[in-house]
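Engineer: To start, I am sharing the structure in question, which I have written as structure tokens.
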Amino acid sequence: MTEKLIDRLPAPEIAGVVIPWFTPRDRPGPDRLSETAGLVEALGCELGFIRPDHVREVNSSFLLSGGLLDRMANDIAETGATLAVIDASLTPVQQRNLEKRLGVKVIDRTGLILEIFGLRARTKEGRLQVELARLLYERSRLVRTWTHLERQRGGGGFLSGPGESQLEADRRMLDDRIVRLRRDLDDVKRTREVQRAGRRRSGKPVIALVGYTNSGKSTLFNRLTGSDVFAKDMPFATLDPTIRRLDLPTLGEAALIDTVGFITDLPTHLIDSFQATLEESLQADLLVHVRDRASASDMEQAEDVALVLERLETESGLPLPPMIEAWNKMDALSPERAESLRALAAMTDEPPAAAVSALTGEGIDTLLALIEKSLLRGRTEIRLTLSPADGKARAWLHQHGEVISETQLDDGGTEVSVRVSSERLGQFRAEFPELAAGVVLG
């Protein structure tokens with residue numbers, strides 16, 4: 001009798017998680033515990049235990065004090081955990097000491113998020129950005145690698161010195177790889193700029209969804225565009241930016257961009273590496289900030305999103321586009337709370353807001369009307385007649401405005417209706433003064 005062979009998947013890692021807090025203001029609530037548990041799940045690990053620990057006195061060698069460290073070691077032994085997650089920032093020395101003390105692999109919050117990004121990256125650009133972020137993170141932590149890095153190689157004779165240490169060689173190889181990745185990402189950035197220029201020439205408005213991770217951006221994106229972008233109730237379900245066609249009620253075709261979600265303490269390395277991608281948001285005509293109004297941490301999450309956008313604005317030198325808010329997950333609220341927020345959204349002007357449910361479709365028409373109203377703010381419809389010799393002016397209007405209609409006249413001329421911003425209208429009059437007098441405001 002032949003024995004049947006059964007393929008077995010490797011058992012998932014079991015993670016033990018500690019969230020250190022230092023002052024009453026830092027004490028994590030249920031939302032933070034749920035968020036961290038979601039990050040562990042997104043990594044494909046089983047949760048052995050998770051708890052907040054009050055660190056009264058920081059231990060420079062381990063971060064955690066002796067009693068907390070003993071408790072964590074016991075919990076790891078009892079649950080059979082193979083991975084320890086410290087939901088805070090660890091120095092390389094603290095990470096190395098914790099691994100020796102606990103006998104398992106240890107990662108901090110930055111390492112955890114980098115691991116998830118590594119799993120989520122699908123496109124070549126995404127993989128490049130994740131690898132660059134990982135190398136920037138690892139470069140500062142070469143001190144935690146093992147003793148082989150202390151060996152020296154090369155050299156010989158009295159004057160040549162001891163040669164190059166393995167640590168120095170590893171750092172040099174990392175630096176070379178980082179330079180190559182930055183060069184590849186510069187090519188990606190140039191490609192994105194060409195694509196953006198093409199969208200601008202088309203005159204179609206560009207709208208970008210931004211928001212805290214797991215706020216429902218991808219679900220709303222699918223609802224608005226009829227797409228099937230991967231959407232799941234977990235952090236960083238979307239990593240690579242996606243662009244789809246959005247049909248607006250009166251303005252017609254627009255482009256909608258779904259971007260990576262933000263999170264509390266988003267690693268600096270990720271913001272640096274993903275700058276080319278995140279700049280898609282800053283180059284849009286309108287930002288839609290998707291907020292999870294069912295979350296108890298909604299206000300704090302909104303502040304985290306604002307901080308990341310402000311940093312991008314400062315580092316890129318690009319001004320933030322106008323912004324509106326989509327107050328999502330109305331279906332997850334009590335009827336009384338949902339009704340209160342709907343009334344509040346109708347009265348909110350700074351920024352304007354629409355109460356929606358991406359899951360059920362509630363409020364989508366209101367949101368689309370608000371998007372159109374925001375895009376039209378500061379834009380003027382003009383009409384003018386162009387002769388066959390005015391080809392340059394016609395091309396300018398197609399590049400910088402939204403051409404609504406063109407009607408051929410019997411004398412060979414063309415009557416054009418265009419929607420432009422006030423700034424662009426001033427530029428047109430300055431560049432084509434002979435046509436300025438014929439401009440009729442619609």
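Convention: chains lettered A, B, ... in structure tokens order; per-chain residue numbering from 1; ligands numbered from 1 as shown.
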List the spatial neighbours of region 283-297 of chain A as a VMD selection string - criterion: any atom at most 6 Å away, only C-alpha atoms, same-chain residues fewer than 2 positions off excluded.
Structural biologist: chain A and resid 206 to 211 215 280 to 281 299 to 300 321 to 328 333
Engineer: Write out as a ChimeraX atom specification all residues of region 231-371 of chain A that DSSP puts in helix (DSSP H, G or I) for this structure's backbone.
Structural biologist: /A:268-273,275-282,298-316,330-332,335-347,364-371
Engineer: Please provide the set of residues having any atom within 8 Å of Arg424 (chain A), restricted to only C-alpha atoms, with same-chain residues fewer than 3 positions apart removed, written as a ChimeraX atom specification.
Structural biologist: /A:400-401,420-421,427-428
Engineer: Limited to C-alpha atoms, could you put the picked residues into a file as a CSV table (one decimal), in the first residue's frame?
Structural biologist:
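Result went into part_23.csv, see below:
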```
chain,number,residue,atom,x,y,z
A,400,HIS,CA,-4.5,74.4,-19.7
A,401,GLY,CA,-8.3,74.3,-19.6
A,420,VAL,CA,-10.4,77.6,-16.8
A,421,SER,CA,-9.2,78.8,-13.4
A,427,GLN,CA,-2.3,83.9,-18.3
A,428,PHE,CA,-4.3,83.5,-21.5
```
Engineer: Which is closest to Asp247 (chain A) among A:Ser374, A:Gly44, A:Thr225, A:Gln94, if we use only C-alpha atoms?
Structural biologist: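 That would be A:Thr225, the residue with the smallest distance to Asp247 (chain A).
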Engineer: Enumerate the residues of region 199-404 of chain A with a DSSP assignment of strand (DSSP E), computed from the backbone, and present them as a PyMOL selection string.
Structural biologist: chain A and resi 206-211+242-248+252-258+286-292+323-328+353-355+379-386+402-404
Engineer: Pick the closest to Lys329 (chain A) from A:Ile116, A:Leu220, A:Ala346, A:Leu270: which is it, counting only C-alpha atoms?
Structural biologist: A:Leu220
Engineer: Hey, what's within 12 Å of Ser60 (chain A) if we count only C-alpha atoms and toss same-chain stuff fewer than 3 positions away? As an NGL selection string, please?
Structural biologist: :A and (55 or 57 or 63-66 or 90-95 or 97-98)
Engineer: Would you save the residues from that selection as a PDB file, in the first residue's frame, using N, CA, C and O atoms?
Structural biologist:
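Generated output (selection-v8.pdb):
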```pdb
ATOM      1  N   VAL A  55       5.870  51.897  31.111  1.00  0.00           N
ATOM      2  CA  VAL A  55       7.311  51.950  31.379  1.00  0.00           C
ATOM      3  C   VAL A  55       7.577  53.195  32.229  1.00  0.00           C
ATOM      4  O   VAL A  55       7.598  54.316  31.724  1.00  0.00           O
ATOM      5  N   GLU A  57      10.335  53.800  34.045  1.00  0.00           N
ATOM      6  CA  GLU A  57      11.724  54.233  33.892  1.00  0.00           C
ATOM      7  C   GLU A  57      12.334  53.474  32.723  1.00  0.00           C
ATOM      8  O   GLU A  57      12.392  52.241  32.736  1.00  0.00           O
ATOM      9  N   LEU A  63      14.919  49.060  26.806  1.00  0.00           N
ATOM     10  CA  LEU A  63      13.724  49.894  26.792  1.00  0.00           C
ATOM     11  C   LEU A  63      12.792  49.501  27.932  1.00  0.00           C
ATOM     12  O   LEU A  63      12.397  50.338  28.733  1.00  0.00           O
ATOM     13  N   LEU A  64      12.445  48.213  28.033  1.00  0.00           N
ATOM     14  CA  LEU A  64      11.572  47.742  29.099  1.00  0.00           C
ATOM     15  C   LEU A  64      12.360  47.548  30.384  1.00  0.00           C
ATOM     16  O   LEU A  64      13.524  47.141  30.352  1.00  0.00           O
ATOM     17  N   SER A  65      11.711  47.806  31.526  1.00  0.00           N
ATOM     18  CA  SER A  65      12.373  47.598  32.812  1.00  0.00           C
ATOM     19  C   SER A  65      12.383  46.108  33.145  1.00  0.00           C
ATOM     20  O   SER A  65      11.727  45.287  32.490  1.00  0.00           O
ATOM     21  N   GLY A  66      13.115  45.753  34.196  1.00  0.00           N
ATOM     22  CA  GLY A  66      13.341  44.346  34.533  1.00  0.00           C
ATOM     23  C   GLY A  66      12.085  43.530  34.731  1.00  0.00           C
ATOM     24  O   GLY A  66      11.936  42.434  34.188  1.00  0.00           O
ATOM     25  N   LEU A  90      12.858  51.068  18.678  1.00  0.00           N
ATOM     26  CA  LEU A  90      13.980  50.471  19.398  1.00  0.00           C
ATOM     27  C   LEU A  90      15.283  50.920  18.767  1.00  0.00           C
ATOM     28  O   LEU A  90      15.381  51.040  17.543  1.00  0.00           O
ATOM     29  N   THR A  91      16.286  51.143  19.606  1.00  0.00           N
ATOM     30  CA  THR A  91      17.619  51.370  19.073  1.00  0.00           C
ATOM     31  C   THR A  91      18.197  50.020  18.654  1.00  0.00           C
ATOM     32  O   THR A  91      17.734  48.964  19.108  1.00  0.00           O
ATOM     33  N   PRO A  92      19.207  50.019  17.778  1.00  0.00           N
ATOM     34  CA  PRO A  92      19.820  48.737  17.391  1.00  0.00           C
ATOM     35  C   PRO A  92      20.322  47.939  18.593  1.00  0.00           C
ATOM     36  O   PRO A  92      20.180  46.712  18.641  1.00  0.00           O
ATOM     37  N   VAL A  93      20.906  48.623  19.577  1.00  0.00           N
ATOM     38  CA  VAL A  93      21.424  47.922  20.757  1.00  0.00           C
ATOM     39  C   VAL A  93      20.282  47.299  21.553  1.00  0.00           C
ATOM     40  O   VAL A  93      20.370  46.149  22.011  1.00  0.00           O
ATOM     41  N   GLN A  94      19.185  48.037  21.737  1.00  0.00           N
ATOM     42  CA  GLN A  94      18.036  47.498  22.461  1.00  0.00           C
ATOM     43  C   GLN A  94      17.460  46.277  21.742  1.00  0.00           C
ATOM     44  O   GLN A  94      17.109  45.284  22.379  1.00  0.00           O
ATOM     45  N   GLN A  95      17.386  46.334  20.432  1.00  0.00           N
ATOM     46  CA  GLN A  95      16.844  45.206  19.666  1.00  0.00           C
ATOM     47  C   GLN A  95      17.735  43.971  19.827  1.00  0.00           C
ATOM     48  O   GLN A  95      17.245  42.860  20.062  1.00  0.00           O
ATOM     49  N   ASN A  97      19.843  43.324  22.328  1.00  0.00           N
ATOM     50  CA  ASN A  97      19.789  42.837  23.710  1.00  0.00           C
ATOM     51  C   ASN A  97      18.474  42.094  23.989  1.00  0.00           C
ATOM     52  O   ASN A  97      18.465  41.080  24.703  1.00  0.00           O
ATOM     53  N   LEU A  98      17.376  42.588  23.445  1.00  0.00           N
ATOM     54  CA  LEU A  98      16.096  41.922  23.643  1.00  0.00           C
ATOM     55  C   LEU A  98      16.087  40.538  22.995  1.00  0.00           C
ATOM     56  O   LEU A  98      15.534  39.580  23.547  1.00  0.00           O
TER      57      LEU A  98
END
```
Engineer: For CA of Asp108 (chain A) and CA of Met72 (chain A), determine how far apart the two atoms are, in Å to one decimal place.
Structural biologist: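 Answer for the CA of Asp108 (chain A) to CA of Met72 (chain A) separation: 14.7 Å.
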Engineer: What's the 12 Å shell around Leu251 (chain A), counting only C-alpha atoms, without same-chain residues fewer than 5 positions away, as number ranges by chain?
Structural biologist: A: 203-206, 246, 368-369, 371-376, 402-404, 418-419
Engineer: Generate a file of the selected residues that holds C-alpha atoms, formatted as a compact mmCIF listing (two decimals), in the first residue's frame.
Structural biologist:
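Wrote selection-v1.txt, looks like this:
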```
# COMPACT_ATOMS: atom_id res chain seq x y z
CA GLY A 203 -7.89 68.84 -19.25
CA LYS A 204 -9.54 66.16 -17.11
CA PRO A 205 -9.52 66.86 -13.36
CA VAL A 206 -7.55 64.57 -11.04
CA LEU A 246 -14.36 58.51 -12.53
CA LEU A 368 -19.92 63.42 -6.16
CA ALA A 369 -21.84 66.71 -6.09
CA ILE A 371 -16.42 66.95 -5.65
CA GLU A 372 -17.86 68.81 -8.64
CA LYS A 373 -18.62 71.92 -6.61
CA SER A 374 -15.06 71.96 -5.21
CA LEU A 375 -13.49 71.45 -8.65
CA LEU A 376 -15.55 74.28 -10.12
CA GLU A 402 -11.28 71.97 -19.85
CA VAL A 403 -12.75 72.28 -23.32
CA ILE A 404 -16.51 71.85 -23.01
CA VAL A 418 -13.69 76.33 -22.10
CA ARG A 419 -13.60 76.12 -18.31
```
Engineer: Please list as a count of residues only every residue within 6 Å of Val106 (chain A), counting only C-alpha atoms and excluding residues in the same chain fewer than 6 positions away.
Structural biologist: 3
Engineer: Using only C-alpha atoms, which of A:Pro351, A:Gly226, A:Pro433, A:Gly216 sits nearest Met330 (chain A)?
Structural biologist: A:Gly216
